[in-house]
2 protein chains.
Amino acid sequence: MIKDMTQFYSKNALNMKRSEIRELLKVTRRPEIISFAGGLPGPETFPVKELEDISSQVLREKGGLALQYGPTEGELPFREEIAKWLGREKAGIKPENILVTAGSQQGLDIIAKVFLDPKDIVILESPSYIGGLQAFAAYRAKMIGVPQDMDGMRTDLLETVLEKLAKKKKKPKFIYVVPDFQNPSGMTMSLERRKKFLKLAYEYEVPLIEDSPYRDLRYAGEPVPPIYGLDTEDQVMVLGTFSKILCPGLRLAWIMAPTAWMDRLVVAKQSMDLCSPTYTQLMVSEYMKRGFLSKQIEIIRKAYGKKLKVMLEALEKYMPKGVEWSKPEGGLFLWVQLPKKMSANELFPKAIENNVAYVVGSAFHCDGKGQNTMRLNFSFSTEQQIDEGIKRLARMIKENM
Amino acid sequence: MIKDMTQFYSKNALNMKRSEIRELLKVTRRPEIISFAGGLPGPETFPVKELEDISSQVLREKGGLALQYGPTEGELPFREEIAKWLGREKAGIKPENILVTAGSQQGLDIIAKVFLDPKDIVILESPSYIGGLQAFAAYRAKMIGVPQDMDGMRTDLLETVLEKLAKKKKKPKFIYVVPDFQNPSGMTMSLERRKKFLKLAYEYEVPLIEDSPYRDLRYAGEPVPPIYGLDTEDQVMVLGTFSKILCPGLRLAWIMAPTAWMDRLVVAKQSMDLCSPTYTQLMVSEYMKRGFLSKQIEIIRKAYGKKLKVMLEALEKYMPKGVEWSKPEGGLFLWVQLPKKMSANELFPKAIENNVAYVVGSAFHCDGKGQNTMRLNFSFSTEQQIDEGIKRLARMIKENM
């Protein structure tokens, strides 16, 4: 028996950390816990009946194709539907710009694999999406977090970072942002910032990655155009997913990339899984063809919009002075700031004792900051649970003040 | 617009090559071509009706669960079924030893990510599975091919390689083999070789990877125990898949690994796709619970066994002297050796002109060897096509002698 396996592991593997959230989810699966921790959609929104009907049809009519290997890029009818879907916000998107992936996490992994060598620089929002941090960390990238405010990433601070790097003759491999209802903060980047953001990317010649899982889940306010919609230089790669607008259990998502960038992405995916499942691709393709997706999004918007309202009202009602929170207009998450001296990390075991869970904000920082912050998810719990959970959380926070 | 994207790509990405086979498959999808090129299962074997029935049941009874995120390791009931399935050949396999993957290609990618730094040494059969070569090459591993004969990898030559490396204080990260009905050669490693193979792995302390997609597809002769069944030192990691014993379009497979190795594999998968699709995991889990898998394998065995017979008879009937081929007792592939001076690569465009396709043997070599060899798949085409395709191939080869 080999005693020390570490001699066999890659430097990347030795450097990998378990996702705090994924580990947490195990605890929070206990039924007595009200969980604001995961990023789980509300299962009551899943279109089970429609998918059952379509799954039968796909197998009955196209079984031989559906159960066979398919092209690495994804099934053409599926890529056509996705291109058409994205065409709502920008003209000229072709199926050739779409690569089907196993959730956006695979998209992040593919991009990391194609772009990142150890020590390469990635710029992202601080805080940022934990799955992005994890994917880039797995390739030992150096991450630079740029603070955000209510209007998204601070482009003035981004400019300073880019300037400093340029002076040192260094260039980031890409800038990664979640501009709509960001995970974890719930913030949306303003139009002005998006324009400035693109201008800086052009000026410093840096590729952009727009991770956009929540864009269609707006419950209030006016939509801001997506960054790729404003892009005139073919410099933006977009991550989109069915996980939040349909359901996550099919693991279907896509990368939309400029034509010139597709080749490396496809070749990388070949070595990673040959292809995505044909069966479920054909299912969702049929689902879209029938025009179900827009209706489904309406259902989700209504449900989550209501839940968000309930959570905001509960926060207002129960939270003591000194606690602040973001007021997102969409998405799945709220961001809570405790008084500066209070630690959400230290509070966490007590929360579990009180049968309520959240994710500590520090998990979303590439630099360990944000100790006094927490992320709350409002899509998974019922309205009653949201009210009760926030009450418990507020009581605990008061006790610790 | 960024003109030179290569400045942004990782060293690994710049080094990646398109899979010749995956590219080929696009050509060979043309309906007039008889294709022995892909590794596609015969779609006539797919249990469409059973899967339709089960897909409905899963959505009806467990829709909320099936369409939701799941654990990275895979759904527990599914891992239990897989552990039970593998328990036929070795006692003590637990669900904790199973990691569900998106096809064995993801398994290979996970292993490569966890084990390989650039220039790390991997030992494998020559020729070897192209997906393995591609996965390892994507991390810039140094691959050493050990020739095989009718009894599988030449363990005497393996010993020489290990000895030489040890003298240079070098250790391979692992040895990768496909011991049953190997892809591409169709060879099966003999019992004696398996024992010697394990002995060498213990002596030189090298982890083993047993890639075993075809093991259950034996049409003649007596089974040889799997390497993991003979392993007493917990030193073998196994790749198994539903692609060849059920269907590939669900992209479901597994890694079975010693308990101590699981942690790094799971953490790596977290950053790669969060989890595999819950929906199809529950489907196949139910499929196995109903006892359908053994029956399905019987159906496949009968169908492919017949096809193999037809191909062997056609080769015997049509091929000119000087052409040799392997006579596998299972699996999906035959290996053809043309006369030494003839190049399967040069012959290929003519084959396509004649509407018949194969894969050039050199694609399976890490060192460009095997120019006079080709791999023929016999699972995908109908019996009539097999006879006609081999006739065309033989005519072409004769004309080029």
# chains A, B, ... in the order shown; residues from 1 in each chain; ligands from 1
$ select_by_dssp --residues "region 289-342 of chain B" --states "strand (DSSP E)" --output "NGL selection string"
:B and (324-325 or 333-337)
$ closest_atom_pairs --of "chain B" --to "chain A" --cutoff "7 Å" --atoms "only C-alpha atoms" --output "JSON lines"
{"residue": "B:Met1", "atom": "CA", "partner": "A:Glu233", "partner_atom": "CA", "distance": 4.6}
{"residue": "B:Ile2", "atom": "CA", "partner": "A:Glu205", "partner_atom": "CA", "distance": 6.3}
{"residue": "B:Phe8", "atom": "CA", "partner": "A:Lys173", "partner_atom": "CA", "distance": 5.6}
{"residue": "B:Tyr9", "atom": "CA", "partner": "A:Phe115", "partner_atom": "CA", "distance": 4.4}
{"residue": "B:Ser10", "atom": "CA", "partner": "A:Phe115", "partner_atom": "CA", "distance": 4.7}
{"residue": "B:Lys11", "atom": "CA", "partner": "A:Asp117", "partner_atom": "CA", "distance": 6.7}
{"residue": "B:Ala13", "atom": "CA", "partner": "A:Val114", "partner_atom": "CA", "distance": 4.9}
{"residue": "B:Met16", "atom": "CA", "partner": "A:Val267", "partner_atom": "CA", "distance": 6.9}
{"residue": "B:Lys17", "atom": "CA", "partner": "A:Val267", "partner_atom": "CA", "distance": 6.7}
{"residue": "B:Arg18", "atom": "CA", "partner": "A:Val267", "partner_atom": "CA", "distance": 5.4}
{"residue": "B:Pro43", "atom": "CA", "partner": "A:Gly64", "partner_atom": "CA", "distance": 5.1}
{"residue": "B:Phe46", "atom": "CA", "partner": "A:Gly64", "partner_atom": "CA", "distance": 6.9}
{"residue": "B:Val48", "atom": "CA", "partner": "A:Gly63", "partner_atom": "CA", "distance": 5.8}
{"residue": "B:Glu52", "atom": "CA", "partner": "A:Ser56", "partner_atom": "CA", "distance": 5.4}
{"residue": "B:Ser55", "atom": "CA", "partner": "A:Ser55", "partner_atom": "CA", "distance": 7.0}
{"residue": "B:Ser56", "atom": "CA", "partner": "A:Glu52", "partner_atom": "CA", "distance": 5.4}
{"residue": "B:Leu59", "atom": "CA", "partner": "A:Glu52", "partner_atom": "CA", "distance": 6.1}
{"residue": "B:Gly63", "atom": "CA", "partner": "A:Val48", "partner_atom": "CA", "distance": 5.8}
{"residue": "B:Gly64", "atom": "CA", "partner": "A:Pro43", "partner_atom": "CA", "distance": 5.1}
{"residue": "B:Ala66", "atom": "CA", "partner": "A:Gly249", "partner_atom": "CA", "distance": 6.0}
{"residue": "B:Leu67", "atom": "CA", "partner": "A:Gly249", "partner_atom": "CA", "distance": 3.8}
{"residue": "B:Gln68", "atom": "CA", "partner": "A:Gly249", "partner_atom": "CA", "distance": 4.4}
{"residue": "B:Tyr69", "atom": "CA", "partner": "A:Gly249", "partner_atom": "CA", "distance": 5.2}
{"residue": "B:Ala102", "atom": "CA", "partner": "A:Asp273", "partner_atom": "CA", "distance": 6.2}
{"residue": "B:Gly103", "atom": "CA", "partner": "A:Asp273", "partner_atom": "CA", "distance": 6.2}
{"residue": "B:Gln105", "atom": "CA", "partner": "A:Asp273", "partner_atom": "CA", "distance": 4.7}
{"residue": "B:Gln106", "atom": "CA", "partner": "A:Asp273", "partner_atom": "CA", "distance": 4.7}
{"residue": "B:Asp109", "atom": "CA", "partner": "A:Met272", "partner_atom": "CA", "distance": 5.3}
{"residue": "B:Lys113", "atom": "CA", "partner": "A:Ala13", "partner_atom": "CA", "distance": 6.9}
{"residue": "B:Val114", "atom": "CA", "partner": "A:Ala13", "partner_atom": "CA", "distance": 4.9}
{"residue": "B:Phe115", "atom": "CA", "partner": "A:Tyr9", "partner_atom": "CA", "distance": 4.4}
{"residue": "B:Leu116", "atom": "CA", "partner": "A:Ser10", "partner_atom": "CA", "distance": 5.0}
{"residue": "B:Asp117", "atom": "CA", "partner": "A:Ser10", "partner_atom": "CA", "distance": 5.2}
{"residue": "B:Gly131", "atom": "CA", "partner": "A:Ser271", "partner_atom": "CA", "distance": 6.6}
{"residue": "B:Gln134", "atom": "CA", "partner": "A:Ser271", "partner_atom": "CA", "distance": 5.7}
{"residue": "B:Ala135", "atom": "CA", "partner": "A:Ser271", "partner_atom": "CA", "distance": 5.0}
{"residue": "B:Lys173", "atom": "CA", "partner": "A:Phe8", "partner_atom": "CA", "distance": 5.5}
{"residue": "B:Glu205", "atom": "CA", "partner": "A:Ile2", "partner_atom": "CA", "distance": 6.3}
{"residue": "B:Glu233", "atom": "CA", "partner": "A:Met1", "partner_atom": "CA", "distance": 4.6}
{"residue": "B:Asp234", "atom": "CA", "partner": "A:Met1", "partner_atom": "CA", "distance": 6.1}
{"residue": "B:Gln235", "atom": "CA", "partner": "A:Met1", "partner_atom": "CA", "distance": 6.5}
{"residue": "B:Cys247", "atom": "CA", "partner": "A:Leu67", "partner_atom": "CA", "distance": 5.6}
{"residue": "B:Pro248", "atom": "CA", "partner": "A:Gln68", "partner_atom": "CA", "distance": 5.3}
{"residue": "B:Gly249", "atom": "CA", "partner": "A:Leu67", "partner_atom": "CA", "distance": 3.8}
{"residue": "B:Leu250", "atom": "CA", "partner": "A:Pro277", "partner_atom": "CA", "distance": 5.0}
{"residue": "B:Arg251", "atom": "CA", "partner": "A:Pro277", "partner_atom": "CA", "distance": 5.4}
{"residue": "B:Arg264", "atom": "CA", "partner": "A:Ala13", "partner_atom": "CA", "distance": 6.7}
{"residue": "B:Val267", "atom": "CA", "partner": "A:Arg18", "partner_atom": "CA", "distance": 5.4}
{"residue": "B:Ser271", "atom": "CA", "partner": "A:Ala135", "partner_atom": "CA", "distance": 5.0}
{"residue": "B:Met272", "atom": "CA", "partner": "A:Gln106", "partner_atom": "CA", "distance": 5.1}
{"residue": "B:Asp273", "atom": "CA", "partner": "A:Gln106", "partner_atom": "CA", "distance": 4.7}
{"residue": "B:Leu274", "atom": "CA", "partner": "A:Gln105", "partner_atom": "CA", "distance": 6.4}
{"residue": "B:Ser276", "atom": "CA", "partner": "A:Arg251", "partner_atom": "CA", "distance": 6.9}
{"residue": "B:Pro277", "atom": "CA", "partner": "A:Leu250", "partner_atom": "CA", "distance": 5.0}
{"residue": "B:Thr278", "atom": "CA", "partner": "A:Gly249", "partner_atom": "CA", "distance": 5.1}
{"residue": "B:Tyr279", "atom": "CA", "partner": "A:Gly249", "partner_atom": "CA", "distance": 5.8}
$ residues_around --residues "region 353-355 of chain B" --least-positions-apart "6" --cutoff "8 Å" --atoms "only C-alpha atoms" --output "list of chain:residue names"
B:Glu32, B:Ile33, B:Ile34, B:Arg392
$ residues_around --residues "Ser128 (chain B)" --least-positions-apart "2" --cutoff "10 Å" --atoms "only C-alpha atoms" --output "ChimeraX atom specification"
/B:124-126,130-133,145-148,176-178,182-185,361,363-366
$ closest_residue --among "A:Phe36, A:Val224, A:Ala253, A:Lys170" --to "Glu73 (chain A)" --atoms "only C-alpha atoms"
A:Ala253
$ residues_around --residues "Gly240 (chain A)" --least-positions-apart "5" --cutoff "7 Å" --atoms "only C-alpha atoms" --output "list in words"
Ser104, Asp211, Ser212, Pro213, Ala253, Trp254 and Ile255 of chain A
$ write_last_selection --atoms "C-alpha atoms" --output "CSV table (one decimal), in the first residue's frame"
chain,number,residue,atom,x,y,z
A,104,SER,CA,-21.7,27.1,-16.0
A,211,ASP,CA,-21.1,35.4,-16.2
A,212,SER,CA,-24.8,35.8,-16.4
A,213,PRO,CA,-27.0,33.2,-14.7
A,253,ALA,CA,-25.4,25.6,-19.8
A,254,TRP,CA,-23.4,27.3,-22.5
A,255,ILE,CA,-20.5,29.5,-23.3
